[in-house]
Each structure stands twice: as structure tokens, then as C-alpha cells.
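**Student:** Just input09.txt, nothing more (compact mmCIF, C-alpha atoms and all ligand atoms):
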```txt
# COMPACT_ATOMS: atom_id res chain seq x y z
CA MET A 130 -11.82 18.58 30.39
CA SER A 131 -12.32 15.26 28.61
CA SER A 132 -10.01 12.47 29.72
CA ILE A 133 -8.52 12.42 26.22
CA LYS A 134 -7.53 16.09 26.57
CA GLU A 135 -6.26 15.53 30.08
CA HIS A 136 -4.12 12.59 28.99
CA TYR A 137 -2.86 14.62 26.07
CA ARG A 138 -1.82 17.45 28.37
CA ILE A 139 0.21 15.00 30.43
CA ALA A 140 1.73 13.33 27.38
CA LYS A 141 2.61 16.73 25.92
CA ASN A 142 4.60 17.40 29.09
CA PHE A 143 6.40 14.09 28.93
CA TYR A 144 7.55 14.84 25.43
CA ALA A 145 8.34 18.49 26.11
CA GLN A 146 10.90 17.29 28.62
CA ILE A 147 12.85 15.67 25.80
CA GLY A 148 12.41 18.65 23.53
CA ILE A 149 9.54 17.29 21.45
CA ASN A 150 6.49 19.29 20.46
CA THR A 151 3.51 16.95 20.24
CA ASP A 152 1.36 19.47 18.34
CA GLU A 153 4.00 19.57 15.65
CA ALA A 154 4.10 15.75 15.51
CA ILE A 155 0.32 15.68 15.00
CA ARG A 156 0.61 18.31 12.29
CA ARG A 157 3.12 16.16 10.45
CA LEU A 158 1.03 13.03 10.85
CA ARG A 159 -2.04 14.78 9.48
CA GLU A 160 -0.20 15.41 6.22
CA ILE A 161 0.45 11.75 5.54
CA LYS A 162 -1.88 9.98 3.18
CA ILE A 163 -2.17 6.23 3.31
CA SER A 164 -3.55 4.35 0.34
CA LEU A 165 -6.26 1.85 1.29
CA GLN A 166 -6.17 -1.23 -0.93
CA CYS A 167 -9.70 -1.62 -2.35
CA TRP A 168 -9.10 -5.36 -2.75
CA GLN A 169 -9.28 -5.99 1.01
CA GLY A 170 -13.01 -5.21 0.71
CA ASP A 171 -13.97 -8.13 -1.52
CA ASP A 172 -11.13 -10.67 -1.34
CA VAL A 173 -9.51 -9.46 -4.60
CA GLU A 174 -12.54 -10.37 -6.73
CA GLY A 175 -13.19 -7.16 -8.59
CA PHE A 176 -16.14 -6.49 -10.85
CA LEU A 177 -14.95 -7.29 -14.35
CA PHE A 178 -14.61 -11.07 -14.31
CA LYS A 179 -16.65 -12.29 -11.37
CA GLU A 180 -16.44 -15.87 -12.65
CA ASN A 181 -12.62 -15.95 -12.63
CA GLN A 182 -10.71 -17.49 -9.75
CA LEU A 183 -8.03 -15.45 -8.00
CA SER A 184 -4.74 -16.51 -9.61
CA GLY A 185 -1.13 -15.40 -9.73
CA GLY A 186 -0.03 -17.31 -6.66
CA ILE A 187 -1.75 -14.99 -4.18
CA GLN A 188 -4.47 -16.22 -1.90
CA VAL A 189 -7.26 -14.99 0.35
CA THR A 190 -8.51 -17.31 3.05
CA GLY A 191 -11.59 -17.00 5.23
CA ASN A 192 -15.26 -16.51 4.49
CA TYR A 193 -16.36 -13.86 6.94
CA PRO A 194 -19.81 -12.65 5.90
CA GLY A 195 -20.55 -9.26 4.39
CA LYS A 196 -18.00 -8.84 1.65
CA ALA A 197 -18.71 -6.13 -0.89
CA ARG A 198 -20.35 -7.47 -4.05
CA ASN A 199 -20.29 -4.42 -6.28
CA ALA A 200 -18.88 -0.90 -6.59
CA LYS A 201 -21.63 0.64 -4.51
CA GLU A 202 -21.03 -1.68 -1.57
CA LEU A 203 -17.27 -1.41 -1.83
CA ARG A 204 -17.45 2.38 -1.74
CA GLU A 205 -19.84 2.31 1.20
CA ASP A 206 -17.41 0.09 3.08
CA LEU A 207 -14.39 2.21 2.21
CA LYS A 208 -16.24 5.34 3.26
CA PHE A 209 -17.23 3.73 6.53
CA ALA A 210 -13.64 2.60 7.18
CA LEU A 211 -12.37 6.10 6.39
CA SER A 212 -14.83 7.59 8.87
CA LEU A 213 -13.00 5.63 11.58
CA ILE A 214 -9.56 6.84 10.53
CA PRO A 215 -8.27 10.38 11.15
CA GLY A 216 -6.80 12.39 8.26
CA ASN A 217 -7.20 12.46 4.44
CA HIS A 218 -6.23 9.41 2.49
CA LYS A 219 -6.20 7.61 -0.84
CA VAL A 220 -7.80 4.52 -2.28
CA ASN A 221 -5.79 2.07 -4.32
CA LEU A 222 -7.69 0.50 -7.23
CA HIS A 223 -6.93 -2.51 -9.35
CA ALA A 224 -7.99 -2.60 -12.99
CA ILE A 225 -10.58 -5.33 -12.29
CA TYR A 226 -12.49 -2.77 -10.20
CA ALA A 227 -13.56 -0.88 -13.34
CA ASP A 228 -17.14 0.26 -12.81
CA THR A 229 -18.86 -0.14 -16.14
CA LYS A 230 -21.80 -1.92 -17.73
CA GLU A 231 -19.77 -2.43 -20.89
CA LYS A 232 -18.16 -5.82 -21.48
CA VAL A 233 -14.57 -4.65 -21.73
CA ASP A 234 -11.33 -6.61 -21.59
CA LEU A 235 -8.22 -5.41 -19.76
CA ASP A 236 -6.36 -4.29 -22.89
CA LYS A 237 -9.23 -2.00 -23.84
CA LEU A 238 -9.76 -0.21 -20.54
CA GLU A 239 -10.03 3.57 -20.65
CA PRO A 240 -10.30 6.34 -18.10
CA LYS A 241 -14.06 6.52 -18.69
CA HIS A 242 -14.47 3.08 -17.12
CA PHE A 243 -13.31 4.61 -13.84
CA ALA A 244 -15.28 7.86 -14.04
CA SER A 245 -17.60 6.86 -11.19
CA TRP A 246 -14.58 6.22 -8.93
CA VAL A 247 -13.21 9.66 -9.75
CA LYS A 248 -16.54 11.29 -9.01
CA TRP A 249 -16.71 9.47 -5.69
CA ALA A 250 -13.09 10.33 -4.85
CA LYS A 251 -13.82 14.01 -5.52
CA GLU A 252 -16.90 13.96 -3.31
CA ASN A 253 -14.87 12.45 -0.51
CA SER A 254 -11.60 14.40 -1.04
CA LEU A 255 -9.66 11.23 -1.74
CA GLY A 256 -6.71 10.47 -3.98
CA LEU A 257 -6.64 7.38 -6.21
CA ASP A 258 -3.80 5.01 -7.04
CA PHE A 259 -3.89 2.32 -9.69
CA ASN A 260 -2.63 -1.16 -10.58
CA PRO A 261 -2.91 -3.15 -13.78
CA THR A 262 -4.37 -6.57 -12.91
CA CYS A 263 -1.99 -9.09 -14.47
CA PHE A 264 -3.67 -12.15 -12.93
CA SER A 265 -7.11 -13.77 -12.50
CA HIS A 266 -7.52 -13.78 -16.28
CA VAL A 267 -7.41 -16.43 -19.03
CA LYS A 268 -4.46 -14.73 -20.65
CA ALA A 269 -2.47 -15.22 -17.44
CA SER A 270 -3.32 -18.91 -17.13
CA SER A 271 0.13 -20.08 -18.25
CA GLY A 272 1.60 -18.27 -15.26
CA PHE A 273 3.32 -15.75 -17.53
CA THR A 274 2.25 -12.29 -18.67
CA LEU A 275 4.77 -9.60 -19.65
CA SER A 276 7.58 -12.17 -19.80
CA SER A 277 5.60 -14.83 -21.67
CA ILE A 278 7.29 -16.61 -24.55
CA ASN A 279 4.07 -16.05 -26.53
CA GLU A 280 4.12 -12.70 -28.29
CA GLU A 281 0.35 -12.38 -28.46
CA ILE A 282 0.07 -12.88 -24.70
CA ARG A 283 2.86 -10.40 -24.06
CA ASN A 284 1.21 -7.81 -26.26
CA PHE A 285 -2.10 -8.19 -24.50
CA TRP A 286 -0.48 -7.40 -21.14
CA ILE A 287 1.62 -4.60 -22.61
CA LYS A 288 -1.60 -2.98 -23.86
CA HIS A 289 -3.19 -3.46 -20.46
CA CYS A 290 -0.28 -1.75 -18.71
CA GLN A 291 -0.26 1.07 -21.27
CA ALA A 292 -3.97 1.59 -20.64
CA SER A 293 -3.30 1.58 -16.89
CA ARG A 294 -0.83 4.43 -17.15
CA ARG A 295 -3.41 6.54 -18.98
CA ILE A 296 -5.90 5.80 -16.24
CA GLY A 297 -3.37 6.84 -13.59
CA GLU A 298 -2.65 10.07 -15.44
CA TYR A 299 -6.39 10.75 -15.59
CA PHE A 300 -6.75 10.15 -11.84
CA GLY A 301 -3.95 12.56 -11.06
CA LYS A 302 -5.26 15.24 -13.39
CA GLU A 303 -8.81 15.00 -12.09
CA LEU A 304 -7.94 14.80 -8.41
CA GLY A 305 -5.03 17.23 -8.33
CA GLN A 306 -2.68 14.77 -6.69
CA LYS A 307 -0.27 12.19 -8.02
CA SER A 308 -1.53 8.71 -8.68
CA VAL A 309 0.91 5.83 -8.34
CA VAL A 310 0.58 3.22 -11.09
CA ASN A 311 2.20 0.09 -9.78
CA ILE A 312 3.03 -2.92 -11.94
CA TRP A 313 3.23 -6.32 -10.34
CA ILE A 314 3.23 -9.50 -12.40
CA PRO A 315 3.05 -13.08 -11.16
CA ASP A 316 5.41 -14.54 -13.80
CA GLY A 317 7.59 -17.36 -12.62
CA PHE A 318 8.41 -21.07 -12.55
CA LYS A 319 7.34 -23.65 -10.00
CA ASP A 320 10.50 -25.63 -10.58
CA THR A 321 14.04 -24.69 -11.42
CA PRO A 322 14.28 -23.23 -14.90
CA VAL A 323 17.19 -23.66 -17.26
CA ASP A 324 16.87 -20.27 -18.89
CA ARG A 325 16.81 -17.58 -16.22
CA TYR A 326 17.86 -14.81 -18.59
CA GLY A 327 15.32 -15.10 -21.43
CA PRO A 328 12.18 -14.27 -19.42
CA ARG A 329 13.91 -11.28 -17.84
CA LEU A 330 15.03 -10.00 -21.22
CA ARG A 331 11.44 -10.28 -22.44
CA LEU A 332 10.14 -8.48 -19.34
CA MET A 333 12.66 -5.70 -19.89
CA LYS A 334 11.52 -5.24 -23.49
CA SER A 335 7.85 -5.34 -22.49
CA LEU A 336 8.44 -2.63 -19.90
CA ASP A 337 10.30 -0.52 -22.46
CA LYS A 338 7.22 -0.66 -24.69
CA ILE A 339 4.86 0.11 -21.83
CA PHE A 340 6.81 3.22 -20.90
CA GLU A 341 7.29 4.47 -24.48
CA GLU A 342 4.25 6.70 -24.37
CA LYS A 343 5.12 10.08 -22.87
CA LEU A 344 2.45 11.02 -20.41
CA ASN A 345 2.43 13.89 -17.94
CA GLU A 346 4.37 12.67 -14.92
CA ASP A 347 3.15 15.56 -12.80
CA TYR A 348 -0.01 13.51 -12.47
CA PHE A 349 1.23 10.01 -11.94
CA CYS A 350 4.27 7.95 -11.20
CA ASP A 351 5.28 4.53 -12.54
CA SER A 352 6.28 1.99 -9.94
CA LEU A 353 7.60 -1.58 -10.15
CA GLU A 354 7.03 -4.29 -7.55
CA SER A 355 9.35 -7.26 -7.17
CA LYS A 356 8.70 -10.57 -5.45
CA LEU A 357 10.90 -13.41 -4.31
CA PHE A 358 8.40 -16.22 -4.90
CA GLY A 359 4.70 -17.00 -5.06
CA ILE A 360 2.52 -20.08 -4.76
CA GLY A 361 3.37 -21.98 -7.93
CA SER A 362 6.41 -19.86 -8.70
CA GLU A 363 8.68 -21.05 -5.91
CA ALA A 364 11.82 -21.58 -7.97
CA TYR A 365 11.97 -18.37 -9.97
CA THR A 366 10.17 -15.08 -10.45
CA THR A 367 10.99 -13.06 -13.55
CA GLY A 368 10.43 -9.82 -11.65
CA SER A 369 13.01 -10.25 -8.94
CA ASN A 370 14.32 -7.47 -6.72
CA GLU A 371 17.56 -7.10 -8.66
CA PHE A 372 15.67 -7.04 -11.94
CA TYR A 373 13.39 -4.17 -10.98
CA LEU A 374 15.93 -2.21 -8.99
CA GLY A 375 18.21 -2.18 -12.02
CA TYR A 376 15.35 -1.26 -14.32
CA ALA A 377 14.06 1.49 -12.03
CA VAL A 378 17.45 3.11 -11.55
CA LYS A 379 18.25 3.01 -15.24
CA ASN A 380 14.84 4.30 -16.34
CA ASN A 381 13.99 6.65 -13.51
CA LYS A 382 11.02 4.70 -12.16
CA ALA A 383 9.85 4.20 -8.60
CA ILE A 384 10.33 0.91 -6.80
CA CYS A 385 7.62 -0.73 -4.75
CA LEU A 386 8.80 -2.61 -1.69
CA ASP A 387 6.21 -5.05 -0.38
CA SER A 388 7.00 -6.25 3.12
CA GLY A 389 5.88 -9.78 2.23
CA HIS A 390 8.08 -10.12 -0.82
CA PHE A 391 11.46 -10.94 0.64
CA HIS A 392 13.12 -13.70 2.52
CA PRO A 393 11.80 -13.59 6.13
CA THR A 394 15.12 -12.39 7.51
CA GLU A 395 15.40 -9.62 4.93
CA LEU A 396 13.64 -6.48 6.07
CA VAL A 397 12.04 -3.76 3.99
CA SER A 398 12.82 -1.30 6.79
CA ASP A 399 16.49 -1.63 5.93
CA LYS A 400 15.99 -1.39 2.17
CA ILE A 401 14.26 2.00 2.14
CA SER A 402 17.39 4.07 2.77
CA SER A 403 19.29 2.26 0.02
CA VAL A 404 16.59 2.33 -2.61
CA LEU A 405 15.92 6.04 -2.11
CA LEU A 406 19.57 6.86 -2.71
CA TYR A 407 19.08 5.79 -6.30
CA THR A 408 15.38 6.23 -7.11
CA LYS A 409 13.51 9.45 -6.61
CA GLU A 410 10.33 7.89 -5.28
CA LEU A 411 9.34 4.79 -3.38
CA LEU A 412 6.05 2.97 -2.97
CA LEU A 413 5.53 0.86 0.11
CA HIS A 414 3.13 -2.04 0.15
CA ILE A 415 2.90 -2.54 3.86
CA SER A 416 1.83 -6.07 4.61
CA ARG A 417 2.41 -8.66 7.34
CA PRO A 418 3.90 -11.92 6.15
CA MET A 419 3.54 -14.87 8.47
CA ARG A 420 5.92 -17.66 7.41
CA TRP A 421 5.28 -16.70 3.79
CA ASP A 422 3.73 -13.81 1.82
CA SER A 423 0.49 -14.47 3.66
CA ASP A 424 -0.82 -10.89 3.57
CA HIS A 425 -2.06 -10.74 7.15
CA VAL A 426 -3.60 -7.51 8.44
CA VAL A 427 -0.94 -4.96 9.36
CA ILE A 428 -0.54 -4.45 13.10
CA LEU A 429 1.84 -2.59 15.40
CA ASP A 430 4.75 -4.99 15.26
CA ASP A 431 8.49 -4.42 15.32
CA GLU A 432 8.88 -4.26 11.55
CA LEU A 433 6.12 -1.68 11.17
CA PHE A 434 7.83 0.51 13.78
CA ALA A 435 11.13 -0.03 11.99
CA ILE A 436 9.64 0.99 8.63
CA ALA A 437 8.15 4.16 10.12
CA SER A 438 11.40 5.02 11.90
CA SER A 439 13.34 4.49 8.73
CA LEU A 440 11.15 6.98 6.87
CA VAL A 441 11.10 9.60 9.60
CA ARG A 442 14.65 9.42 10.96
CA ASN A 443 16.11 9.62 7.48
CA ASP A 444 13.71 12.30 6.30
CA LEU A 445 12.32 10.14 3.50
CA VAL A 446 8.60 10.58 4.16
CA ASN A 447 8.11 13.05 1.32
CA ARG A 448 9.53 10.73 -1.29
CA THR A 449 7.52 7.72 -0.17
CA HIS A 450 4.00 6.71 -1.13
CA ILE A 451 2.51 4.57 1.60
CA GLY A 452 0.05 1.88 0.63
CA LEU A 453 -1.33 -1.16 2.35
CA ASP A 454 -1.34 -4.58 0.76
CA TYR A 455 -3.04 -7.42 2.56
CA PHE A 456 -6.26 -9.34 2.18
CA ASP A 457 -7.84 -11.24 5.01
CA GLY A 458 -11.29 -12.76 4.52
CA SER A 459 -11.47 -14.26 8.00
CA ILE A 460 -12.40 -11.09 9.91
CA ASN A 461 -14.62 -8.09 9.32
CA ARG A 462 -13.15 -6.51 6.20
CA VAL A 463 -13.81 -2.93 7.25
CA ALA A 464 -12.11 -3.60 10.57
CA ALA A 465 -9.14 -5.01 8.65
CA TRP A 466 -8.63 -1.64 6.94
CA VAL A 467 -9.12 0.34 10.14
CA ILE A 468 -6.65 -1.79 12.10
CA GLY A 469 -4.03 -1.48 9.36
CA VAL A 470 -4.27 2.26 8.74
CA ARG A 471 -4.46 3.20 12.40
CA SER A 472 -1.41 1.03 13.04
CA VAL A 473 0.60 2.71 10.31
CA GLN A 474 -0.38 6.12 11.68
CA LYS A 475 0.62 5.18 15.22
CA SER A 476 3.97 3.87 14.07
CA LEU A 477 4.64 7.12 12.22
CA LEU A 478 3.50 9.19 15.16
CA ARG A 479 5.85 7.35 17.49
CA ALA A 480 8.65 8.08 15.05
CA PHE A 481 7.72 11.78 14.91
CA LEU A 482 7.95 11.86 18.70
CA GLU A 483 11.59 10.77 18.87
CA PRO A 484 14.38 13.24 19.67
CA ILE A 485 16.05 12.34 16.39
CA ASP A 486 18.74 15.01 16.31
CA TYR A 487 19.83 14.10 19.81
CA LEU A 488 19.87 10.38 19.00
CA LYS A 489 21.93 11.03 15.89
CA GLN A 490 24.35 13.09 17.92
CA VAL A 491 24.94 10.39 20.55
CA GLU A 492 25.41 7.89 17.76
CA LEU A 493 27.95 10.14 16.09
CA GLU A 494 29.82 10.41 19.35
CA GLY A 495 29.94 6.62 19.61
CA ASP A 496 27.76 6.63 22.71
CA TYR A 497 25.86 3.48 21.85
CA THR A 498 24.93 2.97 25.51
CA SER A 499 22.78 6.08 25.47
CA ARG A 500 21.37 5.21 22.05
CA LEU A 501 20.19 1.81 23.25
CA ALA A 502 18.91 3.06 26.60
CA ILE A 503 16.99 6.03 25.20
CA LEU A 504 15.43 4.12 22.31
CA ASN A 505 14.25 1.48 24.71
CA GLU A 506 12.79 3.99 27.21
CA LEU A 507 10.99 5.82 24.40
CA LYS A 508 9.01 2.69 23.64
CA THR A 509 6.85 3.21 26.73
CA TYR A 510 6.33 6.94 26.29
CA PRO A 511 2.64 7.85 25.97
CA TYR A 512 2.30 8.25 22.21
CA GLY A 513 -1.11 6.52 22.40
CA ALA A 514 -2.48 9.54 24.26
CA VAL A 515 -1.21 11.77 21.45
CA TYR A 516 -2.91 9.56 18.86
CA ASP A 517 -6.19 9.63 20.78
CA TYR A 518 -6.05 13.40 20.87
CA PHE A 519 -5.40 13.48 17.12
CA CYS A 520 -8.49 11.27 16.61
CA GLU A 521 -10.61 13.45 18.86
CA THR A 522 -9.63 16.66 17.11
CA GLU A 523 -10.44 15.03 13.77
CA GLY A 524 -13.83 13.89 15.04
CA VAL A 525 -12.93 10.20 14.87
CA GLU A 526 -13.51 7.52 17.50
CA THR A 527 -10.65 7.10 19.96
CA LYS A 528 -9.12 3.90 21.35
CA MET A 529 -11.20 0.79 20.65
CA ASN A 530 -14.45 2.74 20.44
CA TRP A 531 -14.46 2.44 16.65
CA LEU A 532 -14.99 -1.29 17.02
CA GLU A 533 -18.46 -0.87 18.44
CA LYS A 534 -19.43 1.10 15.35
CA VAL A 535 -18.15 -1.68 13.13
CA LYS A 536 -20.08 -4.25 15.15
CA ASN A 537 -23.33 -2.25 14.96
CA HIS A 538 -22.83 -1.68 11.28
CA GLU A 539 -22.27 -5.39 10.78
CA LYS A 540 -25.54 -6.22 12.54
CA ARG A 541 -27.46 -3.95 10.19
CA LEU A 542 -25.72 -5.18 7.09
CA GLU A 543 -27.92 -7.24 4.80
CA ARG A 544 -25.40 -9.10 2.73
C1 LIG B 601 1.27 -9.79 -4.88
C2 LIG B 601 1.57 -8.34 -4.77
C3 LIG B 601 0.55 -7.42 -5.36
C4 LIG B 601 -0.87 -7.81 -5.01
C5 LIG B 601 -1.91 -6.78 -5.33
C6 LIG B 601 -3.29 -7.35 -5.28
O1 LIG B 601 2.08 -10.58 -4.12
O2 LIG B 601 1.82 -8.00 -3.45
O3 LIG B 601 0.82 -6.12 -4.98
O4 LIG B 601 -0.99 -8.12 -3.67
O5 LIG B 601 -1.61 -6.19 -6.50
ZN ZN B 602 2.13 -5.89 -3.03
```
Please re-express this file's structure in C-alpha cells.
Ligand code: RNT
Ligand code: ZN
**Tutor:**
Amino acid sequence: MSSIKEHYRIAKNFYAQIGINTDEAIRRLREIKISLQCWQGDDVEGFLFKENQLSGGIQVTGNYPGKARNAKELREDLKFALSLIPGNHKVNLHAIYADTKEKVDLDKLEPKHFASWVKWAKENSLGLDFNPTCFSHVKASSGFTLSSINEEIRNFWIKHCQASRRIGEYFGKELGQKSVVNIWIPDGFKDTPVDRYGPRLRLMKSLDKIFEEKLNEDYFCDSLESKLFGIGSEAYTTGSNEFYLGYAVKNNKAICLDSGHFHPTELVSDKISSVLLYTKELLLHISRPMRWDSDHVVILDDELFAIASSLVRNDLVNRTHIGLDYFDGSINRVAAWVIGVRSVQKSLLRAFLEPIDYLKQVELEGDYTSRLAILNELKTYPYGAVYDYFCETEGVETKMNWLEKVKNHEKRLER
């Protein structure tokens, strides 16, 4: 028996003693798709406007060699990353990743400009999500897009977002699974504005126009992402949390919670159970903020465990789309994906391995001593052995063995 199997047998016993079936936990984990952000592969450059600087108050630092320079390389890298991750997943595209020889601006994008992505997704049994790119573009140079005072600018971005929804619908139809179309805009003021209401009123009206067109929502879902501040928009963002939460509840849209978009003491893990009381679906942008919305690679930290527990303990997994959102150019970019996705999977697995009904019961009885003691003991239960077994059964490298593959691949890479 391989040591992985042997360790699994022991772990299975550990969990059986607290009434948990590890096979069932693996089965549940296998069903969860995580959306890999394509933009980690090339430092949010995209293919449409290579000459444009990344703007919108987001930033990638680091110049690790080997970043993808075109669609072919980006797909190769994504495919390689996915080969080191167990399960079936999705890829999250931004509009600037359109794969076309045509010189096309964002307001004129059509599904056909993403046909090669769809073909590739089909070949690799992947889902696709989508985002309009409301930054890194001349028409976003004032720092305002959908809430701009300039009607022509607003209309350009409205058209871009309308086009994006059609692309999302096309993805869903072609791939037989829902595509999430997430709108995030960078709009905001560096210094304290006088009029805080006007820009929000304009954003509300822009969104109303974007969502006017009735498309088939079996294939896609609209989602709205708020942000507290960005670089250059420290004093005010038009798209605040309150703004989008109100809009989403009123108009039946999904909310996107990005773990880097709140005050450092405010936690997304505690927002999930409130948001999903009022919206039918949620998108998570799992990120790792360090002192600010720094978009570090997601790792197994307390907040990731708390997010996973929040989804699993409250039975909210089925209404949540899980995506990653970080971009680190200082380490191997394929490794960055692998570390993030495997971490999210492990956090979910640990949550699936909790005796939730029992914990809820002791809580109900007011036995907070047992709650604290058991939760703390569970932290050192052998869920890693269960994850390794999951990897092995899916034909994926276990433990840190995937790293050697990345290193070998890197040596051969001629970029
Ligand atoms: C920016 C938002 C947004 C972007 C991506 C590239 O702070 O998090 O989601 O990171 O769209
Ligand atoms: Zn985000």
C-alpha cells in the first residue's frame, strides 16, 4: 500500500471516531469549481492594448521571468497549473484577454472575439467567467468610468459592460455552465469630494442601462464588486459596499466580496452569511491583503479557513461562486495559481471534515467550553492526509511534489 493510502486509512479512522465520513468529504470537495484568474499569468496585461499601463489603482509588483506574452502561452500555463490541481475548474477572463487579430475597442467586443477561449475551454472541460475591463484604457484616464461626469465616457463603458454580458451569456450557453459576469470599476477621488451623491446616482443609472437588455440568466449571472479604496482613490470610491449591496438587493444581482476590499479589521468571512440572506448568489474574490489591497497569493491563513467554514457550516456553498483574485509578479506565476487553488481546496476540505451538527448542538445548549475545545482540537486533525489521497485518486501530484514539476518546466521555458 502506498504511504498516501496508508495515511488516508489512518486519517479516515480519526474522523470516523467523530462521526465524519472522509470519502463523503472528498466527494463534496470534488464538486467545487474554483475560478482561476487568468490575469495572474501575465500581470494583468492582456492582449488588446499591450502598450497601455495597468491603471485603476491596482498594482502588480515583481518581474519574475517567464510571464505569458500571448493567448497561446497563457493557455499553456493555465493548463499546466490545472494539471497540478485536483478536480474540474473554471478560468476567469477579463475583456482585455480577447483573442483576435482584429483591432477592436472594448465597446465593440463580441462573443466571436473569445471563440478560441471557448474552444479551448471545451477541450479541457473548463467553465469560463468574465469581467469587463474598466481600466488600463484611455477612456478611464480621468479615474472615472460608469460614474464619469462626461456622458460620452459613461456611454463607452456602458456599451462595454453590455457587450460583456453578451459574452458571458455566450460562455454559459456554449459550455453548459453558468458564467459569472462581474463588474468592478475603479471610479473614485484621491481627496475628499464635496459631492458624494452625484457620482453614485450616475453609477446607478449606468447600471440600469447595462442591465436593460434581457438575456438568458440560465447561462450567466451579473455580479457587482465593491471596494473601499484604491491607489489614487483613497478618499472615496463611487462603488462602495453600501452602494452595491443596495443595488444588488433591489435589482436581484449577485454581490462580489473581495477579501482585499474592506477595512483590515472587517472580514469577508463574516459578511457571507448576511449577504446571502438578501441576494441569491455570491461571488467571492479570494485574495490576501497585506496592509492594503495588495493582492498577495492566497495561502492557508485564518481568514481563508474562516471563509471556507462560513460557506460550509451555513450550507452556502451552492449559492457561492468561488474565484481567486490576486496578482503577484515576484514568484513563478504558475506556482502562484497552484498555491492559491490548493489552499482554497484544503480550507474547504477541513470545513467538510467538521462535525457541524454536533458543534451546532453544543452551541445551542450554551456549551461554549466544548465549542472552543473541539474547534481547537480539530485544527490538528489529519485533513492533509485526506487531501493527499484526493490528489492521488485524481492523478495529481501530492504534497510539495508538484513544485518539482514547476521547477523543471521553468528550466525548459524559453521566454
Ligand atoms: C480590483 C478588483 C478587481 C480586479 C480584477 C483584475 O481591486 O479586485 O476584481 O482585481 O478585476
Ligand atoms: Zn476583485
**Student:** Against ligand ZN 602 (chain B), which residues of chain A fall within 6 Å? For each one I want the closest pair of atoms and the distance in Å (one decimal), counting all atoms listed in the file, rows by chain and increasing residue number, as CSV.
**Tutor:**
```
residue,atom,partner,partner_atom,distance
A:Asp387,CA,B:ZN602,ZN,4.9
A:His414,CA,B:ZN602,ZN,5.1
A:Asp454,CA,B:ZN602,ZN,5.3
```
**Student:** Identify which of the residues A:Ser132, A:Gln474, A:Thr321, A:Gln306 lies closest to Gly361 in chain A, counting only C-alpha atoms when measuring atom-to-atom distances.
**Tutor:**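 Of A:Ser132, A:Gln474, A:Thr321, A:Gln306, the one nearest Gly361 in chain A, counting only C-alpha atoms, is A:Thr321.
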**Student:** A:Tyr326, A:Tyr373, A:Phe264, A:Tyr144: which is nearest ligand LIG 601 (chain B), counting only C-alpha atoms and all ligand atoms?
**Tutor:** A:Phe264
**Student:** What is the CA of Asp152 in chain A to CA of Ala514 in chain A distance in Å?
**Tutor:**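 Distance between the two atoms: 12.2 Å.
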**Student:** Give as an NGL selection string the residues surrounding ligand LIG 601 (chain B) up to a distance of 10 Å, considering only C-alpha atoms and all ligand atoms.
**Tutor:** :A and (166-169 or 172-174 or 183 or 185-188 or 221-224 or 259-264 or 311-315 or 353-360 or 385-390 or 413-416 or 422-424 or 452-456)
**Student:** Using all atoms listed in the file, pick whichever of A:Glu432, A:Glu346, A:Glu539, A:Glu160 has the shortest atom-to-atom distance to Thr394 in chain A.
**Tutor:**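 The answer is A:Glu432, which sits nearest to Thr394 in chain A.
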**Student:** As a list in words, please: the residues near Val267 in chain A (cut-off 10 Å, all atoms listed in the file, same-chain neighbours under 3 positions excluded).
**Tutor:**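 Final neighbour list, sorted by chain and number: Asn181, Gln182, Ser184, Phe264, Ser270, Ser271 and Gly272 of chain A.
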**Student:** Considering only C-alpha atoms, return as JSON, numbers by chain whatever protein or nucleic-acid residues lie within 8 Å of range 502-511 of chain A, sequence-local ones (same chain, fewer than 3 positions apart) excluded.
**Tutor:** {"A": [140, 143, 483, 498, 499, 514, 515]}
**Student:** Between CA of Pro240 in chain A and CA of Phe349 in chain A, what is the distance, to one decimal in Å?
**Tutor:** 13.6 Å
**Student:** Out of A:Pro215, A:Gly317, A:Gly513, A:Pro484, which residue has the shortest atom-to-atom distance to Tyr137 in chain A when counting only C-alpha atoms?
**Tutor:**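 When distances to Tyr137 in chain A are compared using only C-alpha atoms, the smallest one comes from A:Gly513.
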**Student:** Would it be fine to have range 205-217 of chain A, with N, CA and C atoms, given as a PDB file, in the first residue's frame?
**Tutor:**
```pdb
ATOM      1  N   GLU A 205      -1.297  27.642 -22.172  1.00  0.00           N
ATOM      2  CA  GLU A 205      -0.349  26.575 -21.791  1.00  0.00           C
ATOM      3  C   GLU A 205      -0.101  26.611 -20.288  1.00  0.00           C
ATOM      4  N   ASP A 206       0.095  27.826 -19.773  1.00  0.00           N
ATOM      5  CA  ASP A 206       0.390  27.971 -18.341  1.00  0.00           C
ATOM      6  C   ASP A 206      -0.813  27.580 -17.485  1.00  0.00           C
ATOM      7  N   LEU A 207      -1.988  28.000 -17.920  1.00  0.00           N
ATOM      8  CA  LEU A 207      -3.197  27.640 -17.159  1.00  0.00           C
ATOM      9  C   LEU A 207      -3.387  26.126 -17.155  1.00  0.00           C
ATOM     10  N   LYS A 208      -3.159  25.532 -18.317  1.00  0.00           N
ATOM     11  CA  LYS A 208      -3.334  24.084 -18.428  1.00  0.00           C
ATOM     12  C   LYS A 208      -2.332  23.347 -17.531  1.00  0.00           C
ATOM     13  N   PHE A 209      -1.140  23.867 -17.511  1.00  0.00           N
ATOM     14  CA  PHE A 209      -0.105  23.264 -16.669  1.00  0.00           C
ATOM     15  C   PHE A 209      -0.492  23.403 -15.186  1.00  0.00           C
ATOM     16  N   ALA A 210      -0.935  24.605 -14.813  1.00  0.00           N
ATOM     17  CA  ALA A 210      -1.358  24.811 -13.415  1.00  0.00           C
ATOM     18  C   ALA A 210      -2.495  23.846 -13.073  1.00  0.00           C
ATOM     19  N   LEU A 211      -3.457  23.729 -13.986  1.00  0.00           N
ATOM     20  CA  LEU A 211      -4.614  22.863 -13.719  1.00  0.00           C
ATOM     21  C   LEU A 211      -4.219  21.394 -13.599  1.00  0.00           C
ATOM     22  N   SER A 212      -3.107  21.021 -14.256  1.00  0.00           N
ATOM     23  CA  SER A 212      -2.674  19.622 -14.160  1.00  0.00           C
ATOM     24  C   SER A 212      -2.091  19.323 -12.767  1.00  0.00           C
ATOM     25  N   LEU A 213      -1.852  20.370 -11.996  1.00  0.00           N
ATOM     26  CA  LEU A 213      -1.289  20.189 -10.656  1.00  0.00           C
ATOM     27  C   LEU A 213      -2.337  20.415  -9.567  1.00  0.00           C
ATOM     28  N   ILE A 214      -3.585  20.515 -10.018  1.00  0.00           N
ATOM     29  CA  ILE A 214      -4.693  20.791  -9.102  1.00  0.00           C
ATOM     30  C   ILE A 214      -5.773  19.728  -9.321  1.00  0.00           C
ATOM     31  N   PRO A 215      -6.210  19.040  -8.271  1.00  0.00           N
ATOM     32  CA  PRO A 215      -7.262  18.043  -8.475  1.00  0.00           C
ATOM     33  C   PRO A 215      -8.627  18.689  -8.744  1.00  0.00           C
ATOM     34  N   GLY A 216      -9.477  17.999  -9.487  1.00  0.00           N
ATOM     35  CA  GLY A 216     -10.846  18.478  -9.718  1.00  0.00           C
ATOM     36  C   GLY A 216     -11.009  19.213 -11.033  1.00  0.00           C
ATOM     37  N   ASN A 217     -12.262  19.646 -11.317  1.00  0.00           N
ATOM     38  CA  ASN A 217     -12.585  20.404 -12.541  1.00  0.00           C
ATOM     39  C   ASN A 217     -12.862  21.839 -12.171  1.00  0.00           C
TER      40      ASN A 217
END
```
